[in-house]
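Colleague: Coordinates in coords31.cif, mmCIF, C-alpha atoms, pLDDT in the B column; chains and numbers go by the auth columns, are listed below.
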```cif
data_start
#
loop_
_atom_site.group_PDB
_atom_site.id
_atom_site.type_symbol
_atom_site.label_atom_id
_atom_site.label_comp_id
_atom_site.label_asym_id
_atom_site.label_seq_id
_atom_site.Cartn_x
_atom_site.Cartn_y
_atom_site.Cartn_z
_atom_site.B_iso_or_equiv
_atom_site.auth_seq_id
_atom_site.auth_asym_id
ATOM 1 C CA MET A 1 122.553 154.425 -41.108 55.00 684 A
ATOM 2 C CA PRO A 2 118.712 154.629 -41.021 62.00 685 A
ATOM 3 C CA LYS A 3 116.813 152.035 -39.050 72.00 686 A
ATOM 4 C CA GLN A 4 115.441 149.202 -41.194 80.00 687 A
ATOM 5 C CA ILE A 5 111.642 149.063 -41.422 90.00 688 A
ATOM 6 C CA VAL A 6 110.239 145.712 -40.374 90.00 689 A
ATOM 7 C CA ILE A 7 106.970 144.671 -42.040 93.00 690 A
ATOM 8 C CA LYS A 8 104.655 142.282 -40.212 92.00 691 A
ATOM 9 C CA PRO A 9 104.030 139.075 -42.183 91.00 692 A
ATOM 10 C CA PHE A 10 100.310 139.478 -42.875 93.00 693 A
ATOM 11 C CA LEU A 11 100.995 138.342 -46.449 92.00 694 A
ATOM 12 C CA SER A 12 104.006 136.568 -47.920 92.00 695 A
ATOM 13 C CA PRO A 13 106.347 138.482 -50.239 91.00 696 A
ATOM 14 C CA GLY A 14 104.962 136.454 -53.142 93.00 697 A
ATOM 15 C CA GLU A 15 101.385 137.462 -52.282 95.00 698 A
ATOM 16 C CA LEU A 16 102.458 141.104 -51.925 93.00 699 A
ATOM 17 C CA GLU A 17 104.123 140.981 -55.339 94.00 700 A
ATOM 18 C CA ALA A 18 100.971 139.461 -56.849 95.00 701 A
ATOM 19 C CA ARG A 19 98.826 142.241 -55.313 94.00 702 A
ATOM 20 C CA TYR A 20 101.262 144.820 -56.666 93.00 703 A
ATOM 21 C CA ARG A 21 101.225 143.391 -60.198 94.00 704 A
ATOM 22 C CA GLN A 22 97.423 142.868 -60.300 95.00 705 A
ATOM 23 C CA ALA A 23 96.412 146.271 -58.911 93.00 706 A
ATOM 24 C CA LYS A 24 94.506 148.404 -61.414 92.00 707 A
ATOM 25 C CA ASN A 25 94.346 151.571 -59.319 91.00 708 A
ATOM 26 C CA PRO A 26 97.692 153.466 -59.508 92.00 709 A
ATOM 27 C CA VAL A 27 97.577 154.481 -55.817 93.00 710 A
ATOM 28 C CA ASP A 28 96.972 150.897 -54.706 93.00 711 A
ATOM 29 C CA ARG A 29 99.651 149.654 -57.072 95.00 712 A
ATOM 30 C CA SER A 30 102.267 152.036 -55.657 95.00 713 A
ATOM 31 C CA GLN A 31 101.399 151.193 -52.068 95.00 714 A
ATOM 32 C CA TRP A 32 101.559 147.448 -52.654 95.00 715 A
ATOM 33 C CA GLN A 33 104.918 147.942 -54.395 96.00 716 A
ATOM 34 C CA ILE A 34 106.284 149.896 -51.425 95.00 717 A
ATOM 35 C CA ILE A 35 105.262 147.212 -48.927 96.00 718 A
ATOM 36 C CA TRP A 36 106.572 144.445 -51.201 95.00 719 A
ATOM 37 C CA LEU A 37 109.948 146.189 -51.552 95.00 720 A
ATOM 38 C CA LEU A 38 110.163 146.728 -47.787 95.00 721 A
ATOM 39 C CA THR A 39 109.568 142.988 -47.154 94.00 722 A
ATOM 40 C CA GLN A 40 112.638 142.342 -49.317 93.00 723 A
ATOM 41 C CA GLU A 41 114.601 144.386 -46.748 90.00 724 A
ATOM 42 C CA LYS A 42 115.367 147.151 -49.237 91.00 725 A
ATOM 43 C CA PRO A 43 116.566 150.363 -47.581 92.00 726 A
ATOM 44 C CA VAL A 44 113.911 153.066 -47.229 94.00 727 A
ATOM 45 C CA LYS A 45 116.018 155.445 -49.317 93.00 728 A
ATOM 46 C CA THR A 46 116.124 152.931 -52.188 93.00 729 A
ATOM 47 C CA VAL A 47 112.352 152.363 -51.983 94.00 730 A
ATOM 48 C CA ALA A 48 111.854 156.137 -52.091 94.00 731 A
ATOM 49 C CA GLU A 49 114.058 156.458 -55.180 94.00 732 A
ATOM 50 C CA VAL A 50 112.322 153.569 -56.968 93.00 733 A
ATOM 51 C CA THR A 51 108.753 154.646 -56.220 94.00 734 A
ATOM 52 C CA GLY A 52 109.129 158.436 -56.153 95.00 735 A
ATOM 53 C CA TYR A 53 107.496 158.770 -52.715 95.00 736 A
ATOM 54 C CA SER A 54 109.070 160.526 -49.731 95.00 737 A
ATOM 55 C CA ILE A 55 110.737 158.618 -46.939 94.00 738 A
ATOM 56 C CA GLY A 56 108.192 160.000 -44.476 95.00 739 A
ATOM 57 C CA TRP A 57 105.259 158.725 -46.538 94.00 740 A
ATOM 58 C CA ILE A 58 106.883 155.301 -46.924 95.00 741 A
ATOM 59 C CA ARG A 59 107.306 155.092 -43.150 95.00 742 A
ATOM 60 C CA GLU A 60 103.638 156.130 -42.682 95.00 743 A
ATOM 61 C CA LEU A 61 102.483 153.399 -45.107 95.00 744 A
ATOM 62 C CA ALA A 62 104.584 150.835 -43.246 96.00 745 A
ATOM 63 C CA ARG A 63 103.040 151.924 -39.908 96.00 746 A
ATOM 64 C CA ARG A 64 99.527 151.655 -41.368 95.00 747 A
ATOM 65 C CA TYR A 65 100.204 148.233 -42.863 96.00 748 A
ATOM 66 C CA ASN A 66 101.768 146.943 -39.647 96.00 749 A
ATOM 67 C CA LYS A 67 98.816 148.193 -37.604 95.00 750 A
ATOM 68 C CA TYR A 68 95.836 147.349 -39.878 95.00 751 A
ATOM 69 C CA GLY A 69 97.194 144.871 -42.412 94.00 752 A
ATOM 70 C CA GLU A 70 95.930 145.224 -45.969 90.00 753 A
ATOM 71 C CA LYS A 71 93.012 147.400 -44.748 93.00 754 A
ATOM 72 C CA GLY A 72 95.578 150.073 -43.859 92.00 755 A
ATOM 73 C CA LEU A 73 96.497 150.514 -47.518 93.00 756 A
ATOM 74 C CA GLY A 74 94.524 152.166 -50.263 89.00 757 A
ATOM 75 C CA ASP A 75 93.438 155.647 -51.239 86.00 758 A
ATOM 76 C CA LYS A 76 91.678 157.057 -48.183 82.00 759 A
ATOM 77 C CA ARG A 77 90.934 160.464 -49.725 82.00 760 A
ATOM 78 C CA GLN A 78 87.419 159.550 -50.872 78.00 761 A
ATOM 79 C CA ASN A 79 86.465 158.921 -47.239 78.00 762 A
ATOM 80 C CA LEU A 80 87.221 162.494 -46.151 78.00 763 A
ATOM 81 C CA PRO A 81 84.096 164.335 -45.033 81.00 764 A
ATOM 82 C CA GLY A 82 84.855 167.611 -46.809 80.00 765 A
ATOM 83 C CA VAL A 83 84.040 171.094 -45.623 82.00 766 A
ATOM 84 C CA GLN A 84 80.731 171.889 -43.943 85.00 767 A
ATOM 85 C CA PRO A 85 78.624 174.241 -46.081 85.00 768 A
ATOM 86 C CA LEU A 86 78.377 177.816 -44.880 90.00 769 A
ATOM 87 C CA LEU A 87 74.570 177.675 -44.740 91.00 770 A
ATOM 88 C CA SER A 88 72.560 174.760 -43.416 90.00 771 A
ATOM 89 C CA PRO A 89 69.694 173.484 -45.602 90.00 772 A
ATOM 90 C CA GLU A 90 67.242 175.386 -43.379 93.00 773 A
ATOM 91 C CA LEU A 91 69.133 178.661 -43.827 92.00 774 A
ATOM 92 C CA GLN A 92 69.362 178.070 -47.582 91.00 775 A
ATOM 93 C CA THR A 93 65.578 177.643 -47.701 91.00 776 A
ATOM 94 C CA GLU A 94 65.135 180.804 -45.638 92.00 777 A
ATOM 95 C CA LEU A 95 67.462 182.699 -47.995 92.00 778 A
ATOM 96 C CA THR A 96 65.554 181.479 -51.060 90.00 779 A
ATOM 97 C CA GLU A 97 62.270 182.682 -49.556 90.00 780 A
ATOM 98 C CA LEU A 98 63.854 185.996 -48.546 90.00 781 A
ATOM 99 C CA LEU A 99 65.177 186.648 -52.058 89.00 782 A
ATOM 100 C CA ASN A 100 61.611 186.624 -53.410 86.00 783 A
ATOM 101 C CA GLN A 101 60.934 189.781 -51.380 87.00 784 A
ATOM 102 C CA PRO A 102 62.617 193.176 -51.775 86.00 785 A
ATOM 103 C CA PRO A 103 65.564 193.776 -49.408 86.00 786 A
ATOM 104 C CA SER A 104 64.871 195.744 -46.233 83.00 787 A
ATOM 105 C CA GLY A 105 67.276 198.555 -47.202 80.00 788 A
ATOM 106 C CA GLY A 106 65.596 199.072 -50.554 83.00 789 A
ATOM 107 C CA GLY A 107 67.046 198.525 -54.006 85.00 790 A
ATOM 108 C CA GLU A 108 67.718 195.045 -55.342 85.00 791 A
ATOM 109 C CA TRP A 109 69.419 191.983 -53.953 88.00 792 A
ATOM 110 C CA ASN A 110 73.125 191.780 -54.725 89.00 793 A
ATOM 111 C CA GLY A 111 76.201 189.969 -53.429 90.00 794 A
ATOM 112 C CA PRO A 112 77.046 192.396 -50.601 92.00 795 A
ATOM 113 C CA LYS A 113 73.471 192.370 -49.276 92.00 796 A
ATOM 114 C CA VAL A 114 73.316 188.569 -49.283 92.00 797 A
ATOM 115 C CA ALA A 115 76.769 188.391 -47.663 94.00 798 A
ATOM 116 C CA GLU A 116 75.582 190.757 -44.924 93.00 799 A
ATOM 117 C CA TRP A 117 72.481 188.594 -44.331 93.00 800 A
ATOM 118 C CA ILE A 118 74.689 185.477 -44.092 94.00 801 A
ATOM 119 C CA GLU A 119 76.991 187.255 -41.608 94.00 802 A
ATOM 120 C CA ASN A 120 74.010 188.182 -39.434 93.00 803 A
ATOM 121 C CA LYS A 121 72.659 184.617 -39.483 93.00 804 A
ATOM 122 C CA THR A 122 75.908 182.708 -39.008 92.00 805 A
ATOM 123 C CA GLY A 123 78.080 185.156 -37.079 92.00 806 A
ATOM 124 C CA ARG A 124 80.927 184.469 -39.502 92.00 807 A
ATOM 125 C CA LYS A 125 82.715 187.026 -41.666 93.00 808 A
ATOM 126 C CA VAL A 126 81.609 186.546 -45.282 92.00 809 A
ATOM 127 C CA ARG A 127 83.040 188.158 -48.407 93.00 810 A
ATOM 128 C CA ARG A 128 80.833 189.780 -51.027 93.00 811 A
ATOM 129 C CA GLN A 129 81.776 187.095 -53.554 93.00 812 A
ATOM 130 C CA ARG A 130 80.291 184.403 -51.295 92.00 813 A
ATOM 131 C CA GLY A 131 77.059 186.402 -51.157 91.00 814 A
ATOM 132 C CA TRP A 132 76.978 186.526 -54.963 90.00 815 A
ATOM 133 C CA GLU A 133 77.612 182.763 -55.153 90.00 816 A
ATOM 134 C CA TYR A 134 74.664 182.047 -52.854 89.00 817 A
ATOM 135 C CA LEU A 135 72.569 184.521 -54.822 88.00 818 A
ATOM 136 C CA LYS A 136 73.298 182.596 -58.033 87.00 819 A
ATOM 137 C CA LYS A 137 72.899 179.220 -56.292 84.00 820 A
ATOM 138 C CA THR A 138 69.284 180.013 -55.465 79.00 821 A
ATOM 139 C CA VAL A 139 68.612 180.448 -59.199 66.00 822 A
ATOM 140 C CA PHE A 140 67.896 184.081 -58.491 63.00 823 A
ATOM 141 C CA LYS A 141 67.473 186.165 -61.635 63.00 824 A
ATOM 142 C CA PRO A 142 68.062 189.904 -61.397 58.00 825 A
ATOM 143 C CA LYS A 143 64.935 191.925 -62.085 61.00 826 A
ATOM 144 C CA ARG A 144 66.794 194.517 -64.117 64.00 827 A
ATOM 145 C CA GLY A 145 67.131 193.650 -67.808 64.00 828 A
ATOM 146 C CA ARG A 146 70.211 194.079 -69.889 65.00 829 A
ATOM 147 C CA PRO A 147 70.742 197.595 -71.273 69.00 830 A
ATOM 148 C CA HIS A 148 69.730 198.156 -74.874 72.00 831 A
ATOM 149 C CA HIS A 149 71.727 200.192 -77.329 69.00 832 A
ATOM 150 C CA VAL A 150 70.511 203.710 -77.912 63.00 833 A
ATOM 151 C CA LYS A 151 69.015 204.180 -81.344 63.00 834 A
ATOM 152 C CA PRO A 152 70.929 206.529 -83.649 58.00 835 A
ATOM 153 C CA GLU A 153 69.739 210.125 -83.517 61.00 836 A
ATOM 154 C CA SER A 154 70.384 211.355 -87.030 59.00 837 A
ATOM 155 C CA PRO A 155 68.281 210.011 -89.888 57.00 838 A
ATOM 156 C CA GLU A 156 71.252 210.361 -92.275 60.00 839 A
ATOM 157 C CA SER A 157 73.244 207.658 -90.496 54.00 840 A
ATOM 158 C CA PRO A 158 70.808 204.844 -89.763 55.00 841 A
ATOM 159 C CA SER A 159 73.583 202.579 -88.549 56.00 842 A
ATOM 160 C CA GLY A 160 74.820 205.238 -86.120 54.00 843 A
ATOM 161 C CA PHE A 161 78.336 204.239 -85.147 55.00 844 A
ATOM 162 C CA GLN A 162 79.255 202.426 -88.371 59.00 845 A
ATOM 163 C CA LYS A 163 81.469 204.344 -90.767 62.00 846 A
ATOM 164 C CA SER A 164 82.788 203.540 -94.158 62.00 847 A
ATOM 165 C CA LEU A 165 86.422 202.446 -94.363 63.00 848 A
ATOM 166 C CA PHE A 166 86.893 204.048 -97.824 60.00 849 A
#
```
I'd like the structure from this file rewritten - as structure tokens, please.
Modeller:
Amino acid sequence: MPKQIVIKPFLSPGELEARYRQAKNPVDRSQWQIIWLLTQEKPVKTVAEVTGYSIGWIRELARRYNKYGEKGLGDKRQNLPGVQPLLSPELQTELTELLNQPPSGGGEWNGPKVAEWIENKTGRKVRRQRGWEYLKKTVFKPKRGRPHHVKPESPESPSGFQKSLF
């Protein structure tokens, strides 16, 4: 039989139930419900079935609540720092200035050339797609215009490729 989870009495079961019923945020509501059910000495398996959360997550919530009280609950995802950008603001500025000049190998700037420049500056392997994304991010507009359709050659068919269906 699994070991019963003991919840520290920071709040009474009545206060926990009130927090559960008054919570507007669904994550907060679920977490308050889990702690409230555990204070009623419900088995962890039953709490998992009622709430739809895993037994491991319920145990983690109980540990957080027992350690930090009500500050241990809540949706902590918005506090995550996220991934560091590939280029620092200084390197982004340098890239923007560089894109206003022709590339050293000749031709025009494209994703592979920008990716190669990023690799040289950062020492990290960079895919061509990432180079294209940074090229677009700098509001870089290609200097080559869109191709125009070739005008029809014969004067008899002014519309060129159009043909009659009948």
Colleague: Select, from A:Asn783, A:Ser713, A:Asn749, A:Thr734, the residue with the minimum atom-to-atom distance to Val689 (chain A), counting all atoms listed in the file.
Modeller: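 The closest residue to Val689 (chain A) is A:Asn749.
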Colleague: When you count only C-alpha atoms, which of these residues is closest to Tyr751 (chain A): A:Gly794, A:Gly814, A:Pro692, A:Pro726?
Modeller: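 Looking at the shortest contact to Tyr751 (chain A), the residue is A:Pro692.
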Colleague: Written as an NGL selection string, what is the full residue list that the PyMOL selection byres ((chain A and resi 717) around 12) yields on the file shown?
Modeller: :A and (688 or 690 or 696 or 699-700 or 702-703 or 710-716 or 718-738 or 740-745 or 748 or 756)
Colleague: Would you kindly translate the PyMOL selection byres ((chain A and resi 801) around 12) into the concrete residues it picks from this file, as a PyMOL selection string?
Modeller: chain A and resi 769-771+774-775+777-778+781+794-800+802-818
Colleague: Could you state the separation of CA of Ala706 (chain A) and CA of Lys691 (chain A) in Å, given to one decimal place?
Modeller: 20.8 Å
Colleague: What does the structure give for the distance between CA of Pro786 (chain A) and CA of Gln767 (chain A), in Å to one decimal?
Modeller: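 The value is 27.2 Å.
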Colleague: Tell me, in Å to one decimal, how far CA of Arg704 (chain A) is from CA of Arg746 (chain A).
Modeller: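 Between CA of Arg704 (chain A) and CA of Arg746 (chain A) the gap is 22.1 Å.
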Colleague: Could you check the closest approach to Leu782 (chain A) for each of A:Arg760, A:Arg747, A:Lys754, A:Lys819 and tell me which residue wins, using all atoms listed in the file?
Modeller: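 The closest residue to Leu782 (chain A) is A:Lys819.
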Colleague: Let me make sure I understand: among A:Gly739, A:Asn708, A:Pro785, A:Pro772, which one has the smallest atom-to-atom distance to Asp758 (chain A) if we use only C-alpha atoms?
Modeller: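 For Asp758 (chain A), the nearest of the given residues is A:Asn708.
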Colleague: How big is the axis-aligned box, and where does its centre sit, when it encloses all atoms of region 779-783 of chain A listed in the file and has 3 Å added on every side, reported in Å to one decimal as JSON?
Modeller:
```
{"center_x": 63.6, "center_y": 184.1, "center_z": -51.0, "size_x": 9.9, "size_y": 11.2, "size_z": 10.9}
```
Colleague: Please produce region 764-794 of chain A, completed to N, CA and C atoms, as a PDB file, in the coordinates of the input.
Modeller:
```pdb
ATOM      1  N   PRO A 764      85.439 163.764 -45.081  1.00 81.00           N
ATOM      2  CA  PRO A 764      84.096 164.335 -45.033  1.00 81.00           C
ATOM      3  C   PRO A 764      83.924 165.614 -45.838  1.00 81.00           C
ATOM      4  N   GLY A 765      84.987 166.346 -46.082  1.00 80.00           N
ATOM      5  CA  GLY A 765      84.855 167.611 -46.809  1.00 80.00           C
ATOM      6  C   GLY A 765      84.494 168.747 -45.861  1.00 80.00           C
ATOM      7  N   VAL A 766      84.316 169.903 -46.409  1.00 82.00           N
ATOM      8  CA  VAL A 766      84.040 171.094 -45.623  1.00 82.00           C
ATOM      9  C   VAL A 766      82.534 171.228 -45.420  1.00 82.00           C
ATOM     10  N   GLN A 767      82.146 171.637 -44.217  1.00 85.00           N
ATOM     11  CA  GLN A 767      80.731 171.889 -43.943  1.00 85.00           C
ATOM     12  C   GLN A 767      80.281 173.102 -44.749  1.00 85.00           C
ATOM     13  N   PRO A 768      79.097 173.065 -45.352  1.00 85.00           N
ATOM     14  CA  PRO A 768      78.624 174.241 -46.081  1.00 85.00           C
ATOM     15  C   PRO A 768      78.408 175.410 -45.134  1.00 85.00           C
ATOM     16  N   LEU A 769      78.538 176.607 -45.678  1.00 90.00           N
ATOM     17  CA  LEU A 769      78.377 177.816 -44.880  1.00 90.00           C
ATOM     18  C   LEU A 769      76.961 177.920 -44.323  1.00 90.00           C
ATOM     19  N   LEU A 770      75.971 177.607 -45.167  1.00 91.00           N
ATOM     20  CA  LEU A 770      74.570 177.675 -44.740  1.00 91.00           C
ATOM     21  C   LEU A 770      73.985 176.270 -44.643  1.00 91.00           C
ATOM     22  N   SER A 771      73.263 176.028 -43.572  1.00 90.00           N
ATOM     23  CA  SER A 771      72.560 174.760 -43.416  1.00 90.00           C
ATOM     24  C   SER A 771      71.414 174.717 -44.431  1.00 90.00           C
ATOM     25  N   PRO A 772      70.832 173.547 -44.683  1.00 90.00           N
ATOM     26  CA  PRO A 772      69.694 173.484 -45.602  1.00 90.00           C
ATOM     27  C   PRO A 772      68.532 174.387 -45.172  1.00 90.00           C
ATOM     28  N   GLU A 773      68.327 174.515 -43.859  1.00 93.00           N
ATOM     29  CA  GLU A 773      67.242 175.386 -43.379  1.00 93.00           C
ATOM     30  C   GLU A 773      67.518 176.849 -43.713  1.00 93.00           C
ATOM     31  N   LEU A 774      68.777 177.273 -43.509  1.00 92.00           N
ATOM     32  CA  LEU A 774      69.133 178.661 -43.827  1.00 92.00           C
ATOM     33  C   LEU A 774      69.089 178.912 -45.334  1.00 92.00           C
ATOM     34  N   GLN A 775      69.450 177.911 -46.130  1.00 91.00           N
ATOM     35  CA  GLN A 775      69.362 178.070 -47.582  1.00 91.00           C
ATOM     36  C   GLN A 775      67.913 178.252 -48.003  1.00 91.00           C
ATOM     37  N   THR A 776      67.007 177.494 -47.403  1.00 91.00           N
ATOM     38  CA  THR A 776      65.578 177.643 -47.701  1.00 91.00           C
ATOM     39  C   THR A 776      65.095 179.026 -47.284  1.00 91.00           C
ATOM     40  N   GLU A 777      65.517 179.473 -46.110  1.00 92.00           N
ATOM     41  CA  GLU A 777      65.135 180.804 -45.638  1.00 92.00           C
ATOM     42  C   GLU A 777      65.658 181.892 -46.581  1.00 92.00           C
ATOM     43  N   LEU A 778      66.893 181.723 -47.061  1.00 92.00           N
ATOM     44  CA  LEU A 778      67.462 182.699 -47.995  1.00 92.00           C
ATOM     45  C   LEU A 778      66.684 182.714 -49.306  1.00 92.00           C
ATOM     46  N   THR A 779      66.325 181.552 -49.814  1.00 90.00           N
ATOM     47  CA  THR A 779      65.554 181.479 -51.060  1.00 90.00           C
ATOM     48  C   THR A 779      64.228 182.209 -50.914  1.00 90.00           C
ATOM     49  N   GLU A 780      63.545 182.001 -49.792  1.00 90.00           N
ATOM     50  CA  GLU A 780      62.270 182.682 -49.556  1.00 90.00           C
ATOM     51  C   GLU A 780      62.481 184.189 -49.414  1.00 90.00           C
ATOM     52  N   LEU A 781      63.566 184.583 -48.766  1.00 90.00           N
ATOM     53  CA  LEU A 781      63.854 185.996 -48.546  1.00 90.00           C
ATOM     54  C   LEU A 781      64.155 186.716 -49.863  1.00 90.00           C
ATOM     55  N   LEU A 782      64.800 186.021 -50.790  1.00 89.00           N
ATOM     56  CA  LEU A 782      65.177 186.648 -52.058  1.00 89.00           C
ATOM     57  C   LEU A 782      63.966 186.939 -52.940  1.00 89.00           C
ATOM     58  N   ASN A 783      62.829 186.343 -52.640  1.00 86.00           N
ATOM     59  CA  ASN A 783      61.611 186.624 -53.410  1.00 86.00           C
ATOM     60  C   ASN A 783      60.945 187.920 -52.957  1.00 86.00           C
ATOM     61  N   GLN A 784      61.463 188.513 -51.890  1.00 87.00           N
ATOM     62  CA  GLN A 784      60.934 189.781 -51.380  1.00 87.00           C
ATOM     63  C   GLN A 784      62.005 190.853 -51.588  1.00 87.00           C
ATOM     64  N   PRO A 785      61.600 192.132 -51.642  1.00 86.00           N
ATOM     65  CA  PRO A 785      62.617 193.176 -51.775  1.00 86.00           C
ATOM     66  C   PRO A 785      63.445 193.274 -50.490  1.00 86.00           C
ATOM     67  N   PRO A 786      64.732 193.658 -50.605  1.00 86.00           N
ATOM     68  CA  PRO A 786      65.564 193.776 -49.408  1.00 86.00           C
ATOM     69  C   PRO A 786      65.079 194.903 -48.499  1.00 86.00           C
ATOM     70  N   SER A 787      65.371 194.778 -47.215  1.00 83.00           N
ATOM     71  CA  SER A 787      64.871 195.744 -46.233  1.00 83.00           C
ATOM     72  C   SER A 787      65.454 197.139 -46.457  1.00 83.00           C
ATOM     73  N   GLY A 788      66.654 197.251 -46.979  1.00 80.00           N
ATOM     74  CA  GLY A 788      67.276 198.555 -47.202  1.00 80.00           C
ATOM     75  C   GLY A 788      66.876 199.190 -48.513  1.00 80.00           C
ATOM     76  N   GLY A 789      66.000 198.554 -49.254  1.00 83.00           N
ATOM     77  CA  GLY A 789      65.596 199.072 -50.554  1.00 83.00           C
ATOM     78  C   GLY A 789      66.547 198.608 -51.644  1.00 83.00           C
ATOM     79  N   GLY A 790      66.226 198.934 -52.872  1.00 85.00           N
ATOM     80  CA  GLY A 790      67.046 198.525 -54.006  1.00 85.00           C
ATOM     81  C   GLY A 790      66.784 197.087 -54.405  1.00 85.00           C
ATOM     82  N   GLU A 791      67.825 196.435 -54.901  1.00 85.00           N
ATOM     83  CA  GLU A 791      67.718 195.045 -55.342  1.00 85.00           C
ATOM     84  C   GLU A 791      68.728 194.202 -54.599  1.00 85.00           C
ATOM     85  N   TRP A 792      68.482 192.898 -54.592  1.00 88.00           N
ATOM     86  CA  TRP A 792      69.419 191.983 -53.953  1.00 88.00           C
ATOM     87  C   TRP A 792      70.703 191.939 -54.766  1.00 88.00           C
ATOM     88  N   ASN A 793      71.828 191.923 -54.074  1.00 89.00           N
ATOM     89  CA  ASN A 793      73.125 191.780 -54.725  1.00 89.00           C
ATOM     90  C   ASN A 793      74.045 191.007 -53.775  1.00 89.00           C
ATOM     91  N   GLY A 794      75.263 190.752 -54.220  1.00 90.00           N
ATOM     92  CA  GLY A 794      76.201 189.969 -53.429  1.00 90.00           C
ATOM     93  C   GLY A 794      76.479 190.544 -52.049  1.00 90.00           C
TER      94      GLY A 794
END
```
